[in-house]
Amino acid sequence: MEDKIEKKLREELGDHFIEYELKPSNKKKGIWIRISAEGNRKAAKILINAFKARFSTTSSVEHSSFIELIYHFAIDEEGLAVNLKADVLKTNLMVETIADIVPGAEFIEREIYDIFGITFRNHPNPKRLILSDDWKEGEYPLRKSFRVDKDET
Amino acid sequence: MKRECTIIPMGPFHPALAEPEFFKLSVKGEKIIDVEIRIGYNHRGIEKLAEGLTYNQCIFLVERVCGICSNIHPLCFAQAVEEIAGVEVPDRAKYIRTVIAELERIHSHFLWLGLAGHIIGFDTLLMWAWKARELVLDIFETVTGNRQSYAMNAIGGVRRDLKKEHISKILKTMDEAERATKRFIKAISGDPVTLSRLKGVGVLSNEDAKKYCVVGPVARASGLKIDIRKDYPYAAYDEMDFDIPVRRDGDALAKTEVRLEELLQSIRIIRQAVDALPNGDIKCEVKEMPEGEGLSRGEAPRGEDLHYVVSNGSNMPERVKIRAPTFMNLPSIKPQLIGNTIADALIIIGAIDPCFCCTDRLTVVDVKENREKIMSSDELLQRSRKKSSADHRGS
């Protein structure tokens, strides 16, 4: 299965396919594929439509010049975890949404906007999810630069 | 069309589960035609806090993500860290983890069953189910010292052993839990009033279940045969013999039936695990944390729990991502509510067994008061201070 996924994604994504790695996860196999952020929609479509993958969530990790998004998928019948990694440059924190392809991604994309400030282009419902509406624009609490005040009073 | 409807706010404190959540129901007459969900009222910034704590401290932090599933979060976290460290947990620890995880499922499902009964006005079920749950909490108290937040997990294994006298107590309680479960199954399937409150209510179609990527009993009630314990076995689940109950109807009754049958399966797993409990250590040492990443999944009582941990080689994690099951199940409330009546809204929301504390993990509090007014966190703080100082004077 993992070979098929690699082959298909490599073919369809072309230049957007960067790196492939096979690693164990929960005693089962896990695939980690690095793609360019522009290839996220195509890759998600292939995984969902051709391989019946279930979307689990998207993780976000801050690095010095970019924020890394990790799309966690699972192909339950095979017990195979498929993870797509895409870097979004801090100079342009924008990426296409996948929430129209998989509605299960709507909440997490709104959460990532709230806490990391990545804009998901064409998101069906681009509102705040967990922060209050009067939260200061441009302040993203999970960024390393955000300090939690010891005493807000 | 929306202009002609009435807006009914539900929350921010959920009337049945007493947890903060806001549902904005648009209704036409009695019928719900649209729903907007707002979360974040209870964010505590756990992912952020984790970045400033050592791995061993994080275990106790993530245990506090949820009071009901206080085993699965530290278990998933520990597994992700063990994956980074490349250590293999001793077999005995794996079995003990399995026993505790299943006991947790039993107490959680009993808790839910009682609440569901309460929501539909079947308070006898609440009394029965919580009485049965109490027996499980007694085991937790005997084995771990705590009824909730058992603090059993450690990186590399478990912190306490299961003793012989524990095992006989567990087995005895399992017999009682089995009798209770069978009684509940009979009480529900034989009661036309209960059936009419649950049947055909809040249907989540198989297609919608896939679209919204729901997990756990909600997914299994809509015909999706997924269970992390089978699909990505962890702890000692690969050595256990058990079935995954599945229903096709996707209504509140299907969700109830799935959970009731899961109770019997959990009892089955616990009996096997304590019977085959291997000898040996309960913990292995983790000497060093290399750089790397770990992904771990576990089946919480409400479905898939996912922890993703990034290590920078120090004794504190670079990033901890926690995805609790209700975060996936909650958006699916929308298709379940639309077309139903306001009277059924509570049981429909209740039937996904929402756990908002797990879902909310970030910073600030916001509360929507009355219709249009949104209070800022400062205003809330002021108000709370005023109230507590007034209370103080009063006493």
# chains A, B, ... in the order shown; residues from 1 in each chain; ligands from 1
$ interface_residues --of "chain B" --to "chain A" --cutoff "7 Å" --atoms "only C-alpha atoms" --output "ChimeraX atom specification"
/B:38-40,48,211-213,226,231-234,295-297,319,321,328,364-366,376
$ closest_residue --among "B:Asp161, B:Asp249, B:Asp243, B:Glu257" --to "Pro217 in chain B" --atoms "only C-alpha atoms"
B:Glu257
$ select_by_dssp --residues "range 153-286 of chain B" --states "strand (DSSP E)" --output "PyMOL selection string"
chain B and resi 153-154+157-158
$ residues_around --residues "Ala151 in chain B" --least-positions-apart "6" --cutoff "10 Å" --atoms "only C-alpha atoms" --output "ChimeraX atom specification"
/B:59-60,63-64,70-71,74-75,144-145,158-160
$ write_last_selection --atoms "C-alpha atoms" --output "PDB file, in the first residue's frame"
ATOM      1  CA  ILE B  59       2.706  13.623  31.800  1.00  0.00           C
ATOM      2  CA  PHE B  60       0.921  15.242  34.738  1.00  0.00           C
ATOM      3  CA  GLU B  63      -3.447  14.112  32.466  1.00  0.00           C
ATOM      4  CA  ARG B  64      -5.359  17.291  33.267  1.00  0.00           C
ATOM      5  CA  SER B  70      -7.397  11.172  32.426  1.00  0.00           C
ATOM      6  CA  ASN B  71      -5.607   7.995  31.363  1.00  0.00           C
ATOM      7  CA  PRO B  74      -0.860  10.692  29.364  1.00  0.00           C
ATOM      8  CA  LEU B  75      -0.810   7.265  27.698  1.00  0.00           C
ATOM      9  CA  THR B 144      -3.959   4.074  42.072  1.00  0.00           C
ATOM     10  CA  GLY B 145      -5.061   5.996  45.158  1.00  0.00           C
ATOM     11  CA  VAL B 158       3.522   2.663  34.482  1.00  0.00           C
ATOM     12  CA  ARG B 159       4.079   4.048  37.959  1.00  0.00           C
ATOM     13  CA  ARG B 160       2.272   1.407  40.001  1.00  0.00           C
TER      14      ARG B 160
END
$ residues_around --residues "range 86-93 of chain A" --least-positions-apart "6" --cutoff "9 Å" --atoms "only C-alpha atoms" --output "number ranges by chain"
A: 33-40, 64-71, 117-120
$ residues_around --residues "Pro245 in chain B" --least-positions-apart "3" --cutoff "12 Å" --atoms "only C-alpha atoms" --output "PDB file with N, CA and C atoms, in the first residue's frame"
ATOM      1  N   GLY B 216     -14.549   7.165  17.002  1.00  0.00           N
ATOM      2  CA  GLY B 216     -15.088   6.489  18.186  1.00  0.00           C
ATOM      3  C   GLY B 216     -16.502   5.972  18.018  1.00  0.00           C
ATOM      4  N   PRO B 217     -17.251   5.877  19.116  1.00  0.00           N
ATOM      5  CA  PRO B 217     -18.608   5.327  19.064  1.00  0.00           C
ATOM      6  C   PRO B 217     -19.518   6.069  18.080  1.00  0.00           C
ATOM      7  N   VAL B 218     -19.290   7.372  17.881  1.00  0.00           N
ATOM      8  CA  VAL B 218     -20.113   8.128  16.927  1.00  0.00           C
ATOM      9  C   VAL B 218     -19.905   7.575  15.518  1.00  0.00           C
ATOM     10  N   ALA B 219     -18.647   7.313  15.160  1.00  0.00           N
ATOM     11  CA  ALA B 219     -18.349   6.756  13.838  1.00  0.00           C
ATOM     12  C   ALA B 219     -18.921   5.344  13.724  1.00  0.00           C
ATOM     13  N   ARG B 220     -18.728   4.552  14.770  1.00  0.00           N
ATOM     14  CA  ARG B 220     -19.167   3.151  14.715  1.00  0.00           C
ATOM     15  C   ARG B 220     -20.684   3.031  14.675  1.00  0.00           C
ATOM     16  N   ALA B 221     -21.393   4.035  15.227  1.00  0.00           N
ATOM     17  CA  ALA B 221     -22.855   4.003  15.170  1.00  0.00           C
ATOM     18  C   ALA B 221     -23.355   4.356  13.775  1.00  0.00           C
ATOM     19  N   SER B 222     -22.465   4.964  12.956  1.00  0.00           N
ATOM     20  CA  SER B 222     -22.853   5.315  11.588  1.00  0.00           C
ATOM     21  C   SER B 222     -22.228   4.368  10.577  1.00  0.00           C
ATOM     22  N   GLY B 223     -21.882   3.190  11.019  1.00  0.00           N
ATOM     23  CA  GLY B 223     -21.428   2.162  10.092  1.00  0.00           C
ATOM     24  C   GLY B 223     -19.955   2.174   9.747  1.00  0.00           C
ATOM     25  N   LEU B 224     -19.167   3.015  10.389  1.00  0.00           N
ATOM     26  CA  LEU B 224     -17.727   3.008  10.106  1.00  0.00           C
ATOM     27  C   LEU B 224     -17.039   2.087  11.105  1.00  0.00           C
ATOM     28  N   LYS B 225     -16.433   1.035  10.587  1.00  0.00           N
ATOM     29  CA  LYS B 225     -15.783   0.083  11.499  1.00  0.00           C
ATOM     30  C   LYS B 225     -14.351   0.534  11.756  1.00  0.00           C
ATOM     31  N   ILE B 226     -14.215   1.561  12.583  1.00  0.00           N
ATOM     32  CA  ILE B 226     -12.864   2.011  12.905  1.00  0.00           C
ATOM     33  C   ILE B 226     -12.683   2.005  14.416  1.00  0.00           C
ATOM     34  N   ASP B 227     -11.549   1.542  14.817  1.00  0.00           N
ATOM     35  CA  ASP B 227     -11.199   1.499  16.244  1.00  0.00           C
ATOM     36  C   ASP B 227      -9.681   1.455  16.307  1.00  0.00           C
ATOM     37  N   PHE B 242     -11.229  -9.282  20.999  1.00  0.00           N
ATOM     38  CA  PHE B 242     -12.465  -8.522  21.241  1.00  0.00           C
ATOM     39  C   PHE B 242     -13.089  -8.094  19.922  1.00  0.00           C
ATOM     40  N   ARG B 248     -25.634   0.672  11.893  1.00  0.00           N
ATOM     41  CA  ARG B 248     -25.711   1.415  10.637  1.00  0.00           C
ATOM     42  C   ARG B 248     -26.593   2.666  10.736  1.00  0.00           C
ATOM     43  N   ALA B 254     -28.536   4.073  18.073  1.00  0.00           N
ATOM     44  CA  ALA B 254     -27.355   3.336  17.601  1.00  0.00           C
ATOM     45  C   ALA B 254     -26.140   3.692  18.447  1.00  0.00           C
ATOM     46  N   LYS B 255     -26.013   4.974  18.766  1.00  0.00           N
ATOM     47  CA  LYS B 255     -24.860   5.407  19.569  1.00  0.00           C
ATOM     48  C   LYS B 255     -24.923   4.786  20.970  1.00  0.00           C
ATOM     49  N   THR B 256     -26.153   4.681  21.494  1.00  0.00           N
ATOM     50  CA  THR B 256     -26.315   4.062  22.810  1.00  0.00           C
ATOM     51  C   THR B 256     -25.963   2.580  22.748  1.00  0.00           C
ATOM     52  N   GLU B 257     -26.479   1.907  21.738  1.00  0.00           N
ATOM     53  CA  GLU B 257     -26.236   0.463  21.621  1.00  0.00           C
ATOM     54  C   GLU B 257     -24.751   0.157  21.468  1.00  0.00           C
ATOM     55  N   VAL B 258     -24.074   0.979  20.642  1.00  0.00           N
ATOM     56  CA  VAL B 258     -22.640   0.762  20.444  1.00  0.00           C
ATOM     57  C   VAL B 258     -21.910   0.860  21.782  1.00  0.00           C
ATOM     58  N   ARG B 259     -22.246   1.894  22.559  1.00  0.00           N
ATOM     59  CA  ARG B 259     -21.536   2.067  23.836  1.00  0.00           C
ATOM     60  C   ARG B 259     -21.854   0.936  24.812  1.00  0.00           C
ATOM     61  N   LEU B 260     -23.118   0.502  24.823  1.00  0.00           N
ATOM     62  CA  LEU B 260     -23.485  -0.579  25.730  1.00  0.00           C
ATOM     63  C   LEU B 260     -22.723  -1.858  25.388  1.00  0.00           C
ATOM     64  N   GLU B 261     -22.625  -2.140  24.089  1.00  0.00           N
ATOM     65  CA  GLU B 261     -21.896  -3.355  23.697  1.00  0.00           C
ATOM     66  C   GLU B 261     -20.406  -3.204  23.957  1.00  0.00           C
ATOM     67  N   GLU B 262     -19.923  -1.984  23.806  1.00  0.00           N
ATOM     68  CA  GLU B 262     -18.493  -1.755  24.085  1.00  0.00           C
ATOM     69  C   GLU B 262     -18.168  -2.033  25.543  1.00  0.00           C
ATOM     70  N   LEU B 263     -19.121  -1.769  26.412  1.00  0.00           N
ATOM     71  CA  LEU B 263     -18.921  -2.070  27.830  1.00  0.00           C
ATOM     72  C   LEU B 263     -18.609  -3.555  28.014  1.00  0.00           C
ATOM     73  N   LEU B 264     -19.414  -4.396  27.330  1.00  0.00           N
ATOM     74  CA  LEU B 264     -19.202  -5.842  27.459  1.00  0.00           C
ATOM     75  C   LEU B 264     -17.837  -6.240  26.895  1.00  0.00           C
ATOM     76  N   GLN B 265     -17.451  -5.591  25.783  1.00  0.00           N
ATOM     77  CA  GLN B 265     -16.143  -5.899  25.182  1.00  0.00           C
ATOM     78  C   GLN B 265     -15.009  -5.471  26.112  1.00  0.00           C
ATOM     79  N   SER B 266     -15.169  -4.314  26.767  1.00  0.00           N
ATOM     80  CA  SER B 266     -14.127  -3.841  27.686  1.00  0.00           C
ATOM     81  C   SER B 266     -13.956  -4.814  28.840  1.00  0.00           C
TER      82      SER B 266
END
$ closest_residue --among "B:Glu30, B:Val62, B:Phe122, B:Pro317" --to "Val193 in chain B" --atoms "only C-alpha atoms"
B:Phe122
$ select_by_dssp --residues "range 29-93 of chain A" --states "helix (DSSP H, G or I)" --output "number ranges by chain"
A: 37-51, 90-92
$ atom_distance --atom1 "CA of Ile8 in chain B" --atom2 "CA of Ile352 in chain B"
20.7 Å
$ residues_around --residues "Leu195 in chain B" --least-positions-apart "2" --cutoff "12 Å" --atoms "only C-alpha atoms" --output "number ranges by chain"
B: 117, 120, 122, 185-193, 197-201, 251-254, 256-257
$ residues_around --residues "Glu11 in chain A" --least-positions-apart "6" --cutoff "12 Å" --atoms "only C-alpha atoms" --output "ChimeraX atom specification"
/A:4-5,17-18,42-43,46
$ atom_distance --atom1 "CA of Gln272 in chain B" --atom2 "CA of Leu171 in chain B"
10.3 Å
$ atom_distance --atom1 "CA of Glu21 in chain A" --atom2 "CA of Glu82 in chain B"
19.5 Å
$ decode --residues "range 15-59 of chain A" --atoms "C-alpha atoms" --output "mmCIF file, in the first residue's frame"
data_model
loop_
_atom_site.group_PDB
_atom_site.id
_atom_site.type_symbol
_atom_site.label_atom_id
_atom_site.label_comp_id
_atom_site.auth_asym_id
_atom_site.auth_seq_id
_atom_site.Cartn_x
_atom_site.Cartn_y
_atom_site.Cartn_z
ATOM 1 C CA ASP A 15 7.602 19.076 -8.386
ATOM 2 C CA HIS A 16 5.415 19.495 -5.316
ATOM 3 C CA PHE A 17 6.575 16.084 -4.059
ATOM 4 C CA ILE A 18 9.792 16.643 -2.145
ATOM 5 C CA GLU A 19 10.694 13.768 0.150
ATOM 6 C CA TYR A 20 9.412 10.360 1.257
ATOM 7 C CA GLU A 21 10.127 8.531 4.471
ATOM 8 C CA LEU A 22 8.792 5.311 6.000
ATOM 9 C CA LYS A 23 8.709 5.206 9.804
ATOM 10 C CA PRO A 24 6.887 3.135 12.406
ATOM 11 C CA SER A 25 3.998 4.682 14.261
ATOM 12 C CA ASN A 26 2.103 2.839 17.029
ATOM 13 C CA LYS A 27 3.895 -0.367 15.980
ATOM 14 C CA LYS A 28 2.401 0.025 12.526
ATOM 15 C CA LYS A 29 3.917 1.626 9.473
ATOM 16 C CA GLY A 30 3.745 5.336 8.965
ATOM 17 C CA ILE A 31 4.546 7.369 5.883
ATOM 18 C CA TRP A 32 5.926 10.871 6.131
ATOM 19 C CA ILE A 33 5.901 12.831 2.879
ATOM 20 C CA ARG A 34 7.221 16.321 2.495
ATOM 21 C CA ILE A 35 5.353 18.314 -0.114
ATOM 22 C CA SER A 36 5.309 21.946 -1.070
ATOM 23 C CA ALA A 37 2.434 23.887 0.465
ATOM 24 C CA GLU A 38 0.937 24.458 -2.995
ATOM 25 C CA GLY A 39 0.443 20.720 -3.410
ATOM 26 C CA ASN A 40 -1.667 20.279 -0.272
ATOM 27 C CA ARG A 41 -5.083 20.219 -1.969
ATOM 28 C CA LYS A 42 -4.081 17.791 -4.657
ATOM 29 C CA ALA A 43 -2.408 15.461 -2.177
ATOM 30 C CA ALA A 44 -5.388 15.542 0.194
ATOM 31 C CA LYS A 45 -7.776 14.775 -2.670
ATOM 32 C CA ILE A 46 -5.725 11.787 -3.788
ATOM 33 C CA LEU A 47 -5.442 10.361 -0.279
ATOM 34 C CA ILE A 48 -9.149 10.736 0.410
ATOM 35 C CA ASN A 49 -10.537 9.695 -2.963
ATOM 36 C CA ALA A 50 -8.081 7.075 -4.159
ATOM 37 C CA PHE A 51 -6.963 5.594 -0.838
ATOM 38 C CA LYS A 52 -10.008 6.181 1.414
ATOM 39 C CA ALA A 53 -7.870 8.028 3.937
ATOM 40 C CA ARG A 54 -9.471 9.532 7.022
ATOM 41 C CA PHE A 55 -8.318 12.991 7.996
ATOM 42 C CA SER A 56 -7.213 13.110 11.629
ATOM 43 C CA THR A 57 -5.935 16.598 12.179
ATOM 44 C CA THR A 58 -3.308 19.131 11.206
ATOM 45 C CA SER A 59 -0.387 19.885 13.490
#
